[in-house]
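J.: Before I ask anything, let me first share the structure, which is written out below as structure tokens.
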Amino acid sequence: MLKDIVKNLKPSSTLKINELSKKLEDEGKKIFKFGFGQSPFQVPLDVVNELKNNAHQNKYLPMQGLQELREVIAKKTSIEKKYKYKPENIIIGPGSKELMFLLHIIFDGNIILPVPSWVSYLPQAIIGRNKIQLVHTVRKNNWFPTGEEIEKIILKNKEKKYLLFLNSPNNPSGQICQKLEEISDIVKKYNIIVLSDEIYSELTFEDNFQSISNYCPEKTIISTGLSKWCGAGGWRLGHFVIPENLNELKDSIKVLASETFSSVSAPIQYAAITAYSNDHSEYINNSKNILKAIGNYVYENLKSNKIILNKPQGGFYLMPEFSNKSFSTSAKLCDSLLKETGVALLPGSDFGFAPQQMLARLSFTDFNGQEFIKNLKDEKKISNDLILKQAPRVVEGVNKLKKWADSI
Ligand SMILES: Cc1ncc(COP(=O)(O)O)c(C=O)c1O
């Protein structure tokens, strides 16, 4: 009774690791939750209050999203990207993930996915029934494709339409794409479309975030939302910014949206106006500084000839590579690590790497962000002592992981 396309989708090892973690925890074992990545911070209080004030909003809202919300988002995005976006260019969805899913459904062409990529791109592309073309990346390019690598794919069949997924700062690598200009040259040369997933952009550690839309705005759909910078993953609000000349895509997404989720929860949309219009720079700076300090702590304490990794540049993640060759797959390595130390990582194979590549994703968010911010005081530089006090599980888990890697 199931379609083949669905039957062949396997539950990711994310679920398996979560199940095993839960089982071990029930048996009384201490688990270091470095597998699951979600914001450790609470939603800013003014935004929470606005949600409470709007609990009575019970009407369906316009399918494309509340006009006032789209106005504030268009204004903010226009300033940030130095390009004129109008409220009509914005679509609000129940998370950016859902909007990406609809994009896969409506798009007819080839999907270019870098490896590594976020876990949901590939299954969504499979469900969308387009041809998927993977571009393998290397550490020295920050795990992003080069323009030349993308061009090579396109040259195999220039007649096709292409949709390239680009996610910077990246999940799982924690890296920023340094090759936006050369990629945008290819995008313009072959008239392809980019889905620029900028969900972690506010959490870029060095204020050096750049969007590919700065180079080719007419070809770029920007995808982002409240989930990461605002700590509101469970609220389910994301949006697309679609330039005028891609109106055909926007109109089709709107049709599918109207036949599926209808419109995003009204109170959440009203609260989102406050999220995007009040000044949250202090909250964002604090979150960013804490994540940067913890990310660097993990990096400094793990890097060795046993664990190779790049310094984190934004978001919640690091991608360690183990030099040990005794495991046949990264999933088996993660399984052993979890059973022997309680440290949960996700295997690189979940992100598109070949199973025998000993890569894994480490999320350094196993701490209470609210408490950490409260204890920041004026500390510009976050000391290791403060990290030890406020993120003890990260510190303990990193020690265990390091010892384990040295011992195998
Ligand atoms: C790279 C990336 N894109 C998109 C999403 C989904 O975001 P949303 O909560 O807006 O659906 C996530 C969430 O984990 C993510 O890591």
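Numbering starts fresh at 1 for the residues of each chain in the structure tokens, the chains themselves are lettered A, B, ... in the order given, and ligands are numbered from 1 as they appear.
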Name all residues at most 12 Å from Ala391 (chain A) (count only C-alpha atoms; drop same-chain ones fewer than 5 positions away) and give them as a CSV table (one decimal) with C-alpha atoms, in the first residue's frame.
T.:
chain,number,residue,atom,x,y,z
A,32,PHE,CA,26.3,13.8,26.3
A,40,PRO,CA,20.2,26.2,23.6
A,290,ILE,CA,28.8,32.1,23.8
A,291,LEU,CA,28.5,29.7,20.8
A,293,ALA,CA,33.6,30.5,22.8
A,294,ILE,CA,32.2,27.0,23.3
A,295,GLY,CA,32.8,26.0,19.6
A,297,TYR,CA,36.8,25.4,23.3
A,298,VAL,CA,35.7,22.1,21.7
A,364,PHE,CA,28.0,21.8,21.0
A,365,THR,CA,24.6,22.9,22.3
A,366,ASP,CA,24.3,20.6,25.3
A,367,PHE,CA,24.1,23.6,27.8
A,368,ASN,CA,21.5,26.0,29.3
A,369,GLY,CA,21.8,29.1,27.1
A,370,GLN,CA,19.5,31.2,29.3
A,371,GLU,CA,21.6,30.6,32.4
A,372,PHE,CA,24.8,31.2,30.4
A,373,ILE,CA,23.5,34.6,29.2
A,375,ASN,CA,26.0,34.8,34.0
A,382,ILE,CA,34.4,34.2,27.8
A,383,SER,CA,36.9,32.3,30.0
A,384,ASN,CA,37.3,28.6,30.1
A,385,ASP,CA,36.3,28.8,33.8
A,386,LEU,CA,32.9,30.2,32.8
A,396,GLU,CA,33.0,16.6,30.3
A,397,GLY,CA,31.8,15.1,26.9
A,398,VAL,CA,34.8,16.6,25.1
J.: When DSSP is applied to the backbone of this structure, which of region 107-340 of chain A are assigned strand (DSSP E or B)? Write them out as an MDAnalysis selection string.
T.: chainID A and resid 110:115 131:136 162:167 193:197 204 220:225 238:241 307:308 314 317:318 321:322
J.: Using C-alpha atoms, can you export the residues from the last selection as a JSON list (two decimals), in the first residue's frame?
T.:
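Just written: part-v7.json:
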[["chain", "number", "residue", "atom", "x", "y", "z"],
["A", 110, "ASN", "CA", 18.19, 18.79, -11.56],
["A", 111, "ILE", "CA", 18.98, 19.39, -7.92],
["A", 112, "ILE", "CA", 22.64, 20.04, -7.08],
["A", 113, "LEU", "CA", 23.44, 19.07, -3.51],
["A", 114, "PRO", "CA", 26.87, 19.59, -1.96],
["A", 115, "VAL", "CA", 28.21, 16.78, 0.21],
["A", 131, "LYS", "CA", 17.45, 14.11, -10.68],
["A", 132, "ILE", "CA", 19.91, 14.65, -7.84],
["A", 133, "GLN", "CA", 23.52, 15.54, -8.54],
["A", 134, "LEU", "CA", 25.92, 15.42, -5.63],
["A", 135, "VAL", "CA", 29.03, 17.61, -5.53],
["A", 136, "HIS", "CA", 31.67, 16.18, -3.22],
["A", 162, "TYR", "CA", 19.40, 23.45, -12.18],
["A", 163, "LEU", "CA", 18.63, 24.29, -8.57],
["A", 164, "LEU", "CA", 21.70, 24.52, -6.33],
["A", 165, "PHE", "CA", 21.39, 24.22, -2.54],
["A", 166, "LEU", "CA", 23.90, 26.28, -0.61],
["A", 167, "ASN", "CA", 23.92, 26.49, 3.19],
["A", 193, "ILE", "CA", 18.75, 29.03, -9.41],
["A", 194, "VAL", "CA", 20.21, 28.97, -5.90],
["A", 195, "LEU", "CA", 18.40, 28.13, -2.71],
["A", 196, "SER", "CA", 20.53, 29.98, -0.18],
["A", 197, "ASP", "CA", 19.75, 28.42, 3.21],
["A", 204, "THR", "CA", 28.17, 33.88, 12.18],
["A", 220, "THR", "CA", 18.72, 33.54, -5.36],
["A", 221, "ILE", "CA", 15.89, 32.38, -3.14],
["A", 222, "ILE", "CA", 16.85, 33.23, 0.44],
["A", 223, "SER", "CA", 15.58, 30.78, 3.03],
["A", 224, "THR", "CA", 15.63, 31.53, 6.73],
["A", 225, "GLY", "CA", 13.43, 31.82, 9.84],
["A", 238, "GLY", "CA", 10.32, 30.35, 8.42],
["A", 239, "HIS", "CA", 10.28, 32.34, 5.23],
["A", 240, "PHE", "CA", 11.51, 32.53, 1.66],
["A", 241, "VAL", "CA", 12.59, 35.72, -0.06],
["A", 307, "ILE", "CA", 40.83, 14.08, 15.42],
["A", 308, "ILE", "CA", 41.07, 16.48, 12.50],
["A", 314, "GLY", "CA", 29.13, 29.88, 12.73],
["A", 317, "TYR", "CA", 28.35, 22.42, 14.73],
["A", 318, "LEU", "CA", 31.80, 20.98, 14.21],
["A", 321, "GLU", "CA", 37.23, 13.39, 11.31],
["A", 322, "PHE", "CA", 38.79, 10.40, 13.07]]
J.: Write out as a ChimeraX atom specification each polymer residue (protein, DNA or RNA) that has an atom no more than 6 Å from ligand 1, with only C-alpha atoms and all ligand atoms counted.
T.: /A:95-97,118,171,197,199,225,227,233,236,238
J.: Find the residues near Lys22 (chain A): any atom within 12 Å, counting only C-alpha atoms, skip ones fewer than 5 places away on the same chain, and give them as a list in words.
T.: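 Returned residues: Leu15, Lys16, Ile17, Glu27, Gly28, Lys29, Lys30, Ile31, Phe32, Lys33, Leu338, Lys339, Gly342 and Ala344 of chain A.
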J.: Can you spit out the residues from that selection as a PDB file, in the first residue's frame, using C-alpha atoms?
T.:
ATOM      1  CA  LEU A  15      16.719   8.587  14.948  1.00  0.00           C
ATOM      2  CA  LYS A  16      18.712   5.461  15.718  1.00  0.00           C
ATOM      3  CA  ILE A  17      21.250   7.426  17.760  1.00  0.00           C
ATOM      4  CA  GLU A  27      19.531   2.394  32.017  1.00  0.00           C
ATOM      5  CA  GLY A  28      21.082   5.178  34.104  1.00  0.00           C
ATOM      6  CA  LYS A  29      23.977   6.089  31.817  1.00  0.00           C
ATOM      7  CA  LYS A  30      25.030   9.746  31.465  1.00  0.00           C
ATOM      8  CA  ILE A  31      24.602  10.841  27.854  1.00  0.00           C
ATOM      9  CA  PHE A  32      26.336  13.827  26.275  1.00  0.00           C
ATOM     10  CA  LYS A  33      23.853  15.038  23.695  1.00  0.00           C
ATOM     11  CA  LEU A 338      28.074   6.216  22.400  1.00  0.00           C
ATOM     12  CA  LYS A 339      28.112   2.819  24.108  1.00  0.00           C
ATOM     13  CA  GLY A 342      27.922   8.206  26.464  1.00  0.00           C
ATOM     14  CA  ALA A 344      26.334  10.959  21.042  1.00  0.00           C
TER      15      ALA A 344
END
J.: Identify which of the residues A:Asn247, A:Asn286, A:Ser323, A:Asn130 lies closest to Ile90 (chain A), counting only C-alpha atoms when measuring atom-to-atom distances.
T.: A:Asn247
J.: In terms of the shortest atom-to-atom distance over only C-alpha atoms, which of A:Leu24, A:Ile387, A:Ile91, A:Ile5 is closest to Ser258 (chain A)?
T.: A:Ile91
J.: Have a look at CA of Ala266 (chain A) and CA of Pro62 (chain A) and let me know their distance in Å, one decimal.
T.: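 Computed distance, CA of Ala266 (chain A) to CA of Pro62 (chain A), equals 9.6 Å.
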J.: Which parts of region 146-235 of chain A does DSSP call helix (DSSP H, G or I) when run on the backbone here, written out as a ChimeraX atom specification?
T.: /A:147-156,180-189,201-203,212-214,217-219,233-235
J.: Rank nothing, just name the residue among A:Ser78, A:Thr14, A:Asn54, A:Thr341 nearest to Gly37 (chain A), using only C-alpha atoms.
T.: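 The closest residue to Gly37 (chain A) is A:Thr14.
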J.: With a distance cut-off of 10 Å and only C-alpha atoms, select the neighbouring residues of Glu98 (chain A), excluding the residue or stretch itself and same-chain residues fewer than 5 positions from it, and output the selection as a JSON list (two decimals) with N, CA and C atoms, in the first residue's frame.
T.:
[["chain", "number", "residue", "atom", "x", "y", "z"],
["A", 93, "GLY", "N", 6.19, 30.49, 5.95],
["A", 93, "GLY", "CA", 5.79, 29.07, 6.02],
["A", 93, "GLY", "C", 5.96, 28.51, 7.41],
["A", 103, "LEU", "N", 9.22, 23.62, -2.66],
["A", 103, "LEU", "CA", 10.07, 23.99, -3.79],
["A", 103, "LEU", "C", 10.51, 22.74, -4.56],
["A", 104, "HIS", "N", 10.88, 21.69, -3.82],
["A", 104, "HIS", "CA", 11.26, 20.43, -4.47],
["A", 104, "HIS", "C", 10.11, 19.86, -5.29],
["A", 124, "GLN", "N", 14.06, 15.11, 0.73],
["A", 124, "GLN", "CA", 13.07, 16.01, 0.10],
["A", 124, "GLN", "C", 13.24, 15.99, -1.42],
["A", 236, "ARG", "N", 7.84, 26.97, 14.68],
["A", 236, "ARG", "CA", 7.63, 26.68, 13.27],
["A", 236, "ARG", "C", 7.25, 27.92, 12.45],
["A", 237, "LEU", "N", 8.23, 28.79, 12.31],
["A", 237, "LEU", "CA", 8.02, 29.90, 11.38],
["A", 237, "LEU", "C", 9.31, 30.16, 10.60],
["A", 238, "GLY", "N", 9.19, 30.06, 9.29],
["A", 238, "GLY", "CA", 10.32, 30.35, 8.42],
["A", 238, "GLY", "C", 9.82, 31.13, 7.23],
["A", 239, "HIS", "N", 10.75, 31.65, 6.44],
["A", 239, "HIS", "CA", 10.28, 32.34, 5.23],
["A", 239, "HIS", "C", 11.26, 32.21, 4.08],
["A", 257, "ALA", "N", 0.98, 25.75, -1.07],
["A", 257, "ALA", "CA", 0.79, 26.15, 0.33],
["A", 257, "ALA", "C", -0.69, 26.25, 0.64],
["A", 261, "PHE", "N", -0.79, 23.69, 4.06],
["A", 261, "PHE", "CA", -0.87, 24.23, 5.43],
["A", 261, "PHE", "C", -1.78, 25.45, 5.55]]
J.: Any idea what's packed within 9 Å of Ile183 (chain A), counting only C-alpha atoms, ignoring anything in its chain fewer than 4 positions away? Could you give it as a VMD selection string?
T.: chain A and resid 145 to 148 150 to 151 179 187 to 188 212
J.: Could you pull the residues within 9 Å of Pro320 (chain A), counting only C-alpha atoms, minus those fewer than 6 positions along the same chain, as a list in words?
T.: Ser173, Tyr299, Leu302, Lys303, Ile307, Ile308, Leu309, Asn310, Met358, Leu359, Ala360, Arg361 and Leu362 of chain A
